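Engineer: Contents of target-v2.cif (mmCIF, C-alpha atoms) are given next:
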data_upload
loop_
_atom_site.label_atom_id
_atom_site.label_comp_id
_atom_site.auth_asym_id
_atom_site.auth_seq_id
_atom_site.Cartn_x
_atom_site.Cartn_y
_atom_site.Cartn_z
CA PHE A 1 102.83 22.40 103.86
CA HIS A 2 102.85 22.21 100.07
CA ARG A 3 99.59 24.22 99.92
CA VAL A 4 101.02 26.82 102.36
CA GLY A 5 104.15 27.12 100.18
CA ILE A 6 102.05 27.72 97.07
CA GLY A 7 99.91 30.29 98.95
CA LEU A 8 103.03 32.10 100.17
CA PHE A 9 104.53 32.07 96.68
CA GLU A 10 101.30 33.53 95.22
CA ALA A 11 101.21 36.22 97.93
CA LEU A 12 104.85 37.15 97.22
CA ALA A 13 104.16 37.19 93.46
CA ASP A 14 101.17 39.51 94.01
CA MET A 15 103.24 41.77 96.25
CA PHE A 16 106.09 41.89 93.72
CA SER A 17 103.61 42.68 90.94
CA SER A 18 102.15 45.51 93.05
CA VAL A 19 105.61 46.94 93.72
CA LEU A 20 106.40 46.87 89.97
CA SER A 21 103.07 48.50 89.19
CA VAL A 22 103.68 51.31 91.71
CA ALA A 23 107.22 51.82 90.35
CA ALA A 24 105.89 52.01 86.77
CA GLU A 25 103.20 54.50 87.83
CA ARG A 26 105.79 56.60 89.61
CA THR A 27 108.01 56.62 86.50
CA GLN A 28 105.05 57.68 84.34
CA LEU A 29 104.18 60.48 86.77
CA GLN A 30 107.79 61.65 86.84
CA GLU A 31 107.97 61.62 83.03
CA ALA A 32 104.70 63.57 82.87
CA ALA A 33 106.06 66.12 85.37
CA TYR A 34 109.16 66.65 83.19
CA SER A 35 107.39 66.61 79.82
CA ASP A 36 105.66 69.38 77.90
CA ALA A 37 102.39 67.91 76.63
CA LEU A 38 102.15 70.19 73.58
CA THR A 39 105.63 69.85 72.07
CA GLY A 40 106.86 66.57 73.58
CA LEU A 41 110.00 68.35 74.79
CA LEU A 42 111.25 68.35 78.35
CA ASN A 43 109.91 71.27 80.37
CA ARG A 44 111.69 73.65 82.74
CA HIS A 45 111.13 71.26 85.71
CA ALA A 46 113.65 68.92 84.04
CA VAL A 47 116.47 71.46 83.99
CA ASP A 48 118.28 69.90 86.97
CA VAL A 49 118.08 66.44 85.41
CA VAL A 50 119.45 67.79 82.11
CA THR A 51 122.29 69.84 83.58
CA ARG A 52 123.48 67.45 86.30
CA PRO A 53 125.59 65.24 83.97
CA ILE A 54 127.05 68.31 82.23
CA LEU A 55 128.09 69.96 85.48
CA ARG A 56 129.32 66.71 87.06
CA SER A 57 131.48 65.75 84.08
CA SER A 58 133.78 68.76 84.37
CA PRO A 59 133.16 70.88 87.49
CA LEU A 60 136.50 72.74 87.26
CA ASP A 61 136.18 73.54 83.55
CA PRO A 62 132.48 73.23 82.73
CA GLN A 63 132.46 73.50 78.94
CA ALA A 64 128.76 74.06 78.42
CA ALA A 65 126.53 76.76 77.01
CA VAL A 66 122.92 77.84 77.19
CA LEU A 67 120.75 79.22 74.40
CA MET A 68 117.53 81.01 75.20
CA ILE A 69 115.32 81.09 72.09
CA ASP A 70 112.08 83.01 71.66
CA ILE A 71 109.66 82.98 68.71
CA ASP A 72 109.38 86.49 67.28
CA HIS A 73 105.93 88.10 67.21
CA PHE A 74 104.25 84.93 68.48
CA LYS A 75 101.27 86.84 69.91
CA ARG A 76 100.54 88.09 66.40
CA VAL A 77 100.31 84.48 65.15
CA ASN A 78 97.74 83.67 67.84
CA ASP A 79 95.82 86.89 67.18
CA ASP A 80 95.80 86.57 63.36
CA HIS A 81 95.45 82.79 62.96
CA GLY A 82 94.10 81.46 66.28
CA HIS A 83 95.57 79.38 69.09
CA ALA A 84 95.45 76.08 67.17
CA CYS A 85 97.82 77.61 64.62
CA GLY A 86 100.01 78.99 67.39
CA ASP A 87 100.16 75.51 68.93
CA GLN A 88 101.14 74.01 65.56
CA LEU A 89 103.90 76.59 65.18
CA LEU A 90 105.24 75.70 68.64
CA ARG A 91 105.28 71.98 67.72
CA ASP A 92 107.02 72.68 64.40
CA ILE A 93 109.72 74.86 65.92
CA ALA A 94 110.29 72.38 68.76
CA ALA A 95 110.86 69.66 66.14
CA LEU A 96 113.23 71.88 64.13
CA LEU A 97 115.29 72.74 67.22
CA ARG A 98 115.47 69.08 68.26
CA ARG A 99 116.73 68.12 64.78
CA GLU A 100 119.68 70.50 65.08
CA LEU A 101 120.94 69.00 68.37
CA ARG A 102 123.92 66.74 68.86
CA LYS A 103 123.97 63.74 71.17
CA GLY A 104 124.22 64.98 74.76
CA ASP A 105 122.46 68.29 74.04
CA ASN A 106 118.91 69.02 75.18
CA VAL A 107 116.14 71.42 74.24
CA LEU A 108 113.43 72.31 76.76
CA ARG A 109 110.26 74.30 76.42
CA TRP A 110 110.97 77.01 78.95
CA GLY A 111 107.48 78.48 78.85
CA GLY A 112 105.11 80.19 76.43
CA GLU A 113 107.01 80.62 73.17
CA GLU A 114 110.45 80.36 74.78
CA PHE A 115 112.87 77.43 74.59
CA MET A 116 116.14 76.70 76.38
CA VAL A 117 118.91 74.66 74.78
CA CYS A 118 121.68 73.12 76.91
CA LEU A 119 124.82 72.41 74.91
CA ALA A 120 127.41 70.10 76.44
CA ALA A 121 131.15 70.47 75.74
CA THR A 122 130.56 73.79 73.97
CA ASP A 123 132.22 77.18 74.27
CA ALA A 124 130.59 80.53 73.42
CA ALA A 125 131.86 80.62 69.81
CA SER A 126 130.56 77.11 69.04
CA ALA A 127 127.27 77.90 70.78
CA MET A 128 126.87 80.98 68.55
CA LEU A 129 127.24 78.76 65.48
CA VAL A 130 124.59 76.36 66.79
CA ALA A 131 122.24 79.28 67.56
CA HIS A 132 122.69 80.71 64.04
CA LYS A 133 122.07 77.28 62.51
CA MET A 134 118.84 76.94 64.50
CA ARG A 135 117.75 80.48 63.63
CA GLU A 136 118.32 79.84 59.92
CA ALA A 137 116.50 76.47 60.03
CA VAL A 138 113.43 78.16 61.52
CA ALA A 139 113.53 81.16 59.14
CA ARG A 140 113.62 79.06 55.96
CA HIS A 141 110.93 76.58 57.05
CA ARG A 142 107.36 77.03 55.81
CA HIS A 143 104.94 76.05 58.59
CA LEU A 144 101.70 74.42 57.46
CA LEU A 145 98.81 75.44 59.70
CA PRO A 146 95.69 73.44 60.63
CA ASP A 147 93.51 75.86 58.63
CA GLY A 148 95.40 75.05 55.40
CA ARG A 149 97.39 78.27 55.30
CA SER A 150 101.13 78.48 55.84
CA LEU A 151 103.51 81.01 57.30
CA THR A 152 107.15 81.61 58.05
CA ALA A 153 108.51 82.55 61.46
CA THR A 154 111.74 83.75 62.98
CA VAL A 155 113.40 83.36 66.36
CA SER A 156 115.73 85.48 68.46
CA SER A 157 118.42 83.87 70.60
CA GLY A 158 120.65 84.70 73.52
CA VAL A 159 123.83 82.72 74.15
CA ALA A 160 125.88 82.35 77.34
CA ALA A 161 128.76 80.00 78.07
CA LEU A 162 128.95 78.59 81.58
CA GLU A 163 131.86 80.11 83.48
CA ILE A 164 133.99 78.39 86.10
CA GLY A 165 132.29 78.55 89.50
CA GLU A 166 129.17 80.17 88.08
CA PRO A 167 125.81 78.80 89.28
CA PHE A 168 123.82 77.48 86.32
CA PHE A 169 120.89 79.84 86.98
CA VAL A 170 123.25 82.80 86.51
CA THR A 171 124.27 81.45 83.08
CA VAL A 172 120.56 81.17 82.21
CA GLU A 173 119.99 84.78 83.35
CA ARG A 174 122.88 85.99 81.20
CA ALA A 175 121.54 84.08 78.17
CA ASP A 176 118.10 85.55 78.83
CA GLY A 177 119.59 89.05 78.95
CA ALA A 178 121.29 88.42 75.60
CA LEU A 179 117.95 87.21 74.19
CA TYR A 180 116.29 90.51 75.15
CA GLN A 181 119.20 92.35 73.58
CA ALA A 182 118.50 90.43 70.32
CA LYS A 183 114.84 91.45 70.56
CA ARG A 184 115.76 95.12 71.08
CA GLN A 185 118.13 95.03 68.09
CA GLY A 186 115.33 94.01 65.73
CA ARG A 187 114.70 90.26 66.26
CA ASN A 188 115.69 87.32 64.03
CA ARG A 189 119.22 87.50 65.38
CA VAL A 190 121.62 85.98 67.91
CA CYS A 191 123.35 87.91 70.69
CA VAL A 192 125.99 86.58 73.05
CA ALA A 193 126.15 87.50 76.73
CA SER A 194 129.25 89.07 78.17
CA GLY A 195 130.97 87.14 80.96
CA THR A 196 130.34 87.71 84.63
CA ASP A 197 132.49 90.32 86.33
#
With the file now loaded, output its structure as structure tokens.
Structural biologist:
Amino acid sequence: FHRVGIGLFEALADMFSSVLSVAAERTQLQEAAYSDALTGLLNRHAVDVVTRPILRSSPLDPQAAVLMIDIDHFKRVNDDHGHACGDQLLRDIAALLRRELRKGDNVLRWGGEEFMVCLAATDAASAMLVAHKMREAVARHRHLLPDGRSLTATVSSGVAALEIGEPFFVTVERADGALYQAKRQGRNRVCVASGTD
């Protein structure tokens, strides 16, 4: 009986260890699915995870804002300096944007040279200030490239505050529209989206 008890205990221990191993693997896979390998930021697949606490905290008065940020003339950097330099610029700007965030805010790599910032407890005016602060931080930074050269870069931003009853994807679309307005107006600027009608 004693030997059977030990055998059962060992079998349960092995099973428990396997369950923990599978759970750890699953967590790693989930983190990999939500993570951008180049910049270390969250990627666009994590947007629901990021926005859920913001939307849940105040569904009737969702004080939150979205910034869509795009690196100006990024294709030129890749063409003139090569993709390794473009990758370094993306990493640098991701780090600069992350440094400007408050606790509870998130920056995601949305795709290509575009980033999305989710600002909790923030109205449009405050979001504009954050966007300008980020734009200025990028513009004054000198980026050291892998080939030993350096360059400066600028970003354009679109800002939209989440409106009551508005689906989050609509806020993102409005911020994206404001971003393209900033591009049309000459880049290296911030534009705010008008509210929904």
Engineer: For the file shown, what are the residues hit by the PyMOL selection byres ((chain A and resi 172) around 9), laid out as a PyMOL selection string?
Structural biologist: chain A and resi 66-68+116+159-160+162+168-171+173-177
Engineer: Can you write out the residues you just picked, keeping C-alpha atoms, as a PDB file, in the coordinates of the input?
Structural biologist:
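out.pdb, written as the output of this step:
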ATOM      1  CA  VAL A  66     122.920  77.840  77.190  1.00  0.00           C
ATOM      2  CA  LEU A  67     120.750  79.220  74.400  1.00  0.00           C
ATOM      3  CA  MET A  68     117.530  81.010  75.200  1.00  0.00           C
ATOM      4  CA  MET A 116     116.140  76.700  76.380  1.00  0.00           C
ATOM      5  CA  VAL A 159     123.830  82.720  74.150  1.00  0.00           C
ATOM      6  CA  ALA A 160     125.880  82.350  77.340  1.00  0.00           C
ATOM      7  CA  LEU A 162     128.950  78.590  81.580  1.00  0.00           C
ATOM      8  CA  PHE A 168     123.820  77.480  86.320  1.00  0.00           C
ATOM      9  CA  PHE A 169     120.890  79.840  86.980  1.00  0.00           C
ATOM     10  CA  VAL A 170     123.250  82.800  86.510  1.00  0.00           C
ATOM     11  CA  THR A 171     124.270  81.450  83.080  1.00  0.00           C
ATOM     12  CA  GLU A 173     119.990  84.780  83.350  1.00  0.00           C
ATOM     13  CA  ARG A 174     122.880  85.990  81.200  1.00  0.00           C
ATOM     14  CA  ALA A 175     121.540  84.080  78.170  1.00  0.00           C
ATOM     15  CA  ASP A 176     118.100  85.550  78.830  1.00  0.00           C
ATOM     16  CA  GLY A 177     119.590  89.050  78.950  1.00  0.00           C
TER      17      GLY A 177
END
Engineer: Which value, in Å to one decimal, gives the distance between CA of Asp48 in chain A and CA of Ala131 in chain A?
Structural biologist: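 Between CA of Asp48 in chain A and CA of Ala131 in chain A the gap is 21.9 Å.
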Engineer: Considering only C-alpha atoms, return as an MDAnalysis selection string whatever protein or nucleic-acid residues lie within 12 Å of Trp110 in chain A, sequence-local ones (same chain, fewer than 2 positions apart) excluded.
Structural biologist: chainID A and resid 34:36 39 41:47 67:71 90 94 106:108 112:118 172 176
Engineer: I'd like to see the residues matched by the PyMOL selection byres ((chain A and resi 102) around 12) on this file, and ideally I'd get them as number ranges by chain.
Structural biologist: A: 97-101, 103-107, 117-122, 127, 130
Engineer: List the residues matched by the PyMOL selection byres ((chain A and resi 142) around 12) in the displayed structure as a list in words, ordered by chain and then by residue number.
Structural biologist: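 Checking the PyMOL selection byres ((chain A and resi 142) around 12) against this file, the residues are Gln88, Leu89, Asp92, Ile93, Leu96, Ala137, Val138, Ala139, Arg140, His141, His143, Leu144, Leu145, Arg149, Ser150, Leu151, Thr152, Ala153 and Thr154 of chain A.
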Engineer: Using all atoms listed in the file, find the one residue out of A:Cys85, A:Glu10, A:Ser156, A:Ala64 that sits nearest to Gly186 in chain A.
Structural biologist: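 Under the stated criterion, the closest residue is A:Ser156.
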Engineer: Separation of CA of Asp123 in chain A and CA of Asp72 in chain A, in Å?
Structural biologist: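 So the two atoms, CA of Asp123 in chain A and CA of Asp72 in chain A, lie 25.6 Å apart.
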Engineer: Using Å and a single decimal, report how far CA of Glu163 in chain A sits from CA of Thr51 in chain A.
Structural biologist: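 Taking CA of Thr51 in chain A and CA of Glu163 in chain A, their separation equals 14.0 Å.
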Engineer: Considering all atoms listed in the file, can you say which of A:Ala125, A:Ala182, A:Asp147, A:His132 comes closest to Asp80 in chain A?
Structural biologist: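 Once distances to Asp80 in chain A are computed over all atoms listed in the file, the minimum belongs to A:Asp147.
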Engineer: For N, CA and C atoms, please extract range 133-164 of chain A from the block and return it as a PDB file, in the first residue's frame.
Structural biologist:
ATOM      1  N   LYS A 133       3.878  66.554 -26.961  1.00  0.00           N
ATOM      2  CA  LYS A 133       5.067  66.185 -26.178  1.00  0.00           C
ATOM      3  C   LYS A 133       5.822  65.037 -26.865  1.00  0.00           C
ATOM      4  N   MET A 134       5.081  64.047 -27.349  1.00  0.00           N
ATOM      5  CA  MET A 134       5.700  62.922 -28.059  1.00  0.00           C
ATOM      6  C   MET A 134       6.336  63.384 -29.366  1.00  0.00           C
ATOM      7  N   ARG A 135       5.626  64.234 -30.101  1.00  0.00           N
ATOM      8  CA  ARG A 135       6.151  64.743 -31.374  1.00  0.00           C
ATOM      9  C   ARG A 135       7.458  65.498 -31.146  1.00  0.00           C
ATOM     10  N   GLU A 136       7.489  66.335 -30.128  1.00  0.00           N
ATOM     11  CA  GLU A 136       8.699  67.112 -29.826  1.00  0.00           C
ATOM     12  C   GLU A 136       9.851  66.214 -29.373  1.00  0.00           C
ATOM     13  N   ALA A 137       9.536  65.185 -28.574  1.00  0.00           N
ATOM     14  CA  ALA A 137      10.582  64.262 -28.100  1.00  0.00           C
ATOM     15  C   ALA A 137      11.243  63.557 -29.278  1.00  0.00           C
ATOM     16  N   VAL A 138      10.440  63.159 -30.265  1.00  0.00           N
ATOM     17  CA  VAL A 138      10.993  62.485 -31.443  1.00  0.00           C
ATOM     18  C   VAL A 138      11.811  63.473 -32.277  1.00  0.00           C
ATOM     19  N   ALA A 139      11.287  64.675 -32.495  1.00  0.00           N
ATOM     20  CA  ALA A 139      11.945  65.653 -33.376  1.00  0.00           C
ATOM     21  C   ALA A 139      13.313  66.090 -32.850  1.00  0.00           C
ATOM     22  N   ARG A 140      13.473  66.164 -31.533  1.00  0.00           N
ATOM     23  CA  ARG A 140      14.760  66.647 -31.008  1.00  0.00           C
ATOM     24  C   ARG A 140      15.775  65.522 -30.759  1.00  0.00           C
ATOM     25  N   HIS A 141      15.350  64.284 -30.936  1.00  0.00           N
ATOM     26  CA  HIS A 141      16.248  63.141 -30.675  1.00  0.00           C
ATOM     27  C   HIS A 141      17.113  62.845 -31.904  1.00  0.00           C
ATOM     28  N   ARG A 142      18.390  62.596 -31.659  1.00  0.00           N
ATOM     29  CA  ARG A 142      19.289  62.201 -32.754  1.00  0.00           C
ATOM     30  C   ARG A 142      19.415  60.688 -32.699  1.00  0.00           C
ATOM     31  N   HIS A 143      19.007  60.010 -33.770  1.00  0.00           N
ATOM     32  CA  HIS A 143      18.987  58.552 -33.821  1.00  0.00           C
ATOM     33  C   HIS A 143      20.302  58.033 -34.386  1.00  0.00           C
ATOM     34  N   LEU A 144      21.006  57.222 -33.594  1.00  0.00           N
ATOM     35  CA  LEU A 144      22.256  56.617 -34.054  1.00  0.00           C
ATOM     36  C   LEU A 144      21.925  55.349 -34.818  1.00  0.00           C
ATOM     37  N   LEU A 145      22.465  55.230 -36.020  1.00  0.00           N
ATOM     38  CA  LEU A 145      22.149  54.106 -36.896  1.00  0.00           C
ATOM     39  C   LEU A 145      23.255  53.052 -36.849  1.00  0.00           C
ATOM     40  N   PRO A 146      22.916  51.813 -37.209  1.00  0.00           N
ATOM     41  CA  PRO A 146      23.905  50.723 -37.162  1.00  0.00           C
ATOM     42  C   PRO A 146      25.143  50.978 -38.021  1.00  0.00           C
ATOM     43  N   ASP A 147      25.001  51.815 -39.067  1.00  0.00           N
ATOM     44  CA  ASP A 147      26.151  52.071 -39.939  1.00  0.00           C
ATOM     45  C   ASP A 147      27.029  53.210 -39.421  1.00  0.00           C
ATOM     46  N   GLY A 148      26.738  53.720 -38.221  1.00  0.00           N
ATOM     47  CA  GLY A 148      27.560  54.772 -37.620  1.00  0.00           C
ATOM     48  C   GLY A 148      27.056  56.180 -37.888  1.00  0.00           C
ATOM     49  N   ARG A 149      26.166  56.323 -38.858  1.00  0.00           N
ATOM     50  CA  ARG A 149      25.599  57.643 -39.132  1.00  0.00           C
ATOM     51  C   ARG A 149      24.473  57.932 -38.141  1.00  0.00           C
ATOM     52  N   SER A 150      23.947  59.134 -38.196  1.00  0.00           N
ATOM     53  CA  SER A 150      22.802  59.476 -37.358  1.00  0.00           C
ATOM     54  C   SER A 150      21.835  60.320 -38.176  1.00  0.00           C
ATOM     55  N   LEU A 151      20.610  60.380 -37.713  1.00  0.00           N
ATOM     56  CA  LEU A 151      19.612  61.193 -38.393  1.00  0.00           C
ATOM     57  C   LEU A 151      18.556  61.644 -37.399  1.00  0.00           C
ATOM     58  N   THR A 152      17.784  62.622 -37.819  1.00  0.00           N
ATOM     59  CA  THR A 152      16.631  63.042 -37.030  1.00  0.00           C
ATOM     60  C   THR A 152      15.384  62.606 -37.801  1.00  0.00           C
ATOM     61  N   ALA A 153      14.288  62.509 -37.084  1.00  0.00           N
ATOM     62  CA  ALA A 153      13.027  62.098 -37.701  1.00  0.00           C
ATOM     63  C   ALA A 153      11.898  62.896 -37.070  1.00  0.00           C
ATOM     64  N   THR A 154      10.778  62.906 -37.755  1.00  0.00           N
ATOM     65  CA  THR A 154       9.591  63.544 -37.202  1.00  0.00           C
ATOM     66  C   THR A 154       8.414  62.577 -37.313  1.00  0.00           C
ATOM     67  N   VAL A 155       7.364  62.880 -36.557  1.00  0.00           N
ATOM     68  CA  VAL A 155       6.137  62.087 -36.625  1.00  0.00           C
ATOM     69  C   VAL A 155       4.944  63.008 -36.788  1.00  0.00           C
ATOM     70  N   SER A 156       3.900  62.469 -37.387  1.00  0.00           N
ATOM     71  CA  SER A 156       2.609  63.145 -37.476  1.00  0.00           C
ATOM     72  C   SER A 156       1.625  62.363 -36.622  1.00  0.00           C
ATOM     73  N   SER A 157       0.674  63.072 -36.008  1.00  0.00           N
ATOM     74  CA  SER A 157      -0.266  62.410 -35.096  1.00  0.00           C
ATOM     75  C   SER A 157      -1.695  62.861 -35.334  1.00  0.00           C
ATOM     76  N   GLY A 158      -2.600  61.914 -35.130  1.00  0.00           N
ATOM     77  CA  GLY A 158      -4.026  62.203 -35.117  1.00  0.00           C
ATOM     78  C   GLY A 158      -4.581  61.841 -33.758  1.00  0.00           C
ATOM     79  N   VAL A 159      -5.445  62.695 -33.227  1.00  0.00           N
ATOM     80  CA  VAL A 159      -5.988  62.524 -31.878  1.00  0.00           C
ATOM     81  C   VAL A 159      -7.506  62.431 -31.955  1.00  0.00           C
ATOM     82  N   ALA A 160      -8.081  61.497 -31.202  1.00  0.00           N
ATOM     83  CA  ALA A 160      -9.545  61.416 -31.065  1.00  0.00           C
ATOM     84  C   ALA A 160      -9.878  60.987 -29.649  1.00  0.00           C
ATOM     85  N   ALA A 161     -10.810  61.692 -29.033  1.00  0.00           N
ATOM     86  CA  ALA A 161     -11.308  61.306 -27.713  1.00  0.00           C
ATOM     87  C   ALA A 161     -12.513  60.395 -27.897  1.00  0.00           C
ATOM     88  N   LEU A 162     -12.569  59.350 -27.088  1.00  0.00           N
ATOM     89  CA  LEU A 162     -13.681  58.409 -27.143  1.00  0.00           C
ATOM     90  C   LEU A 162     -14.959  59.113 -26.697  1.00  0.00           C
ATOM     91  N   GLU A 163     -16.014  58.975 -27.488  1.00  0.00           N
ATOM     92  CA  GLU A 163     -17.282  59.601 -27.146  1.00  0.00           C
ATOM     93  C   GLU A 163     -18.240  58.581 -26.539  1.00  0.00           C
ATOM     94  N   ILE A 164     -19.170  59.064 -25.759  1.00  0.00           N
ATOM     95  CA  ILE A 164     -20.127  58.189 -25.081  1.00  0.00           C
ATOM     96  C   ILE A 164     -20.892  57.360 -26.110  1.00  0.00           C
TER      97      ILE A 164
END
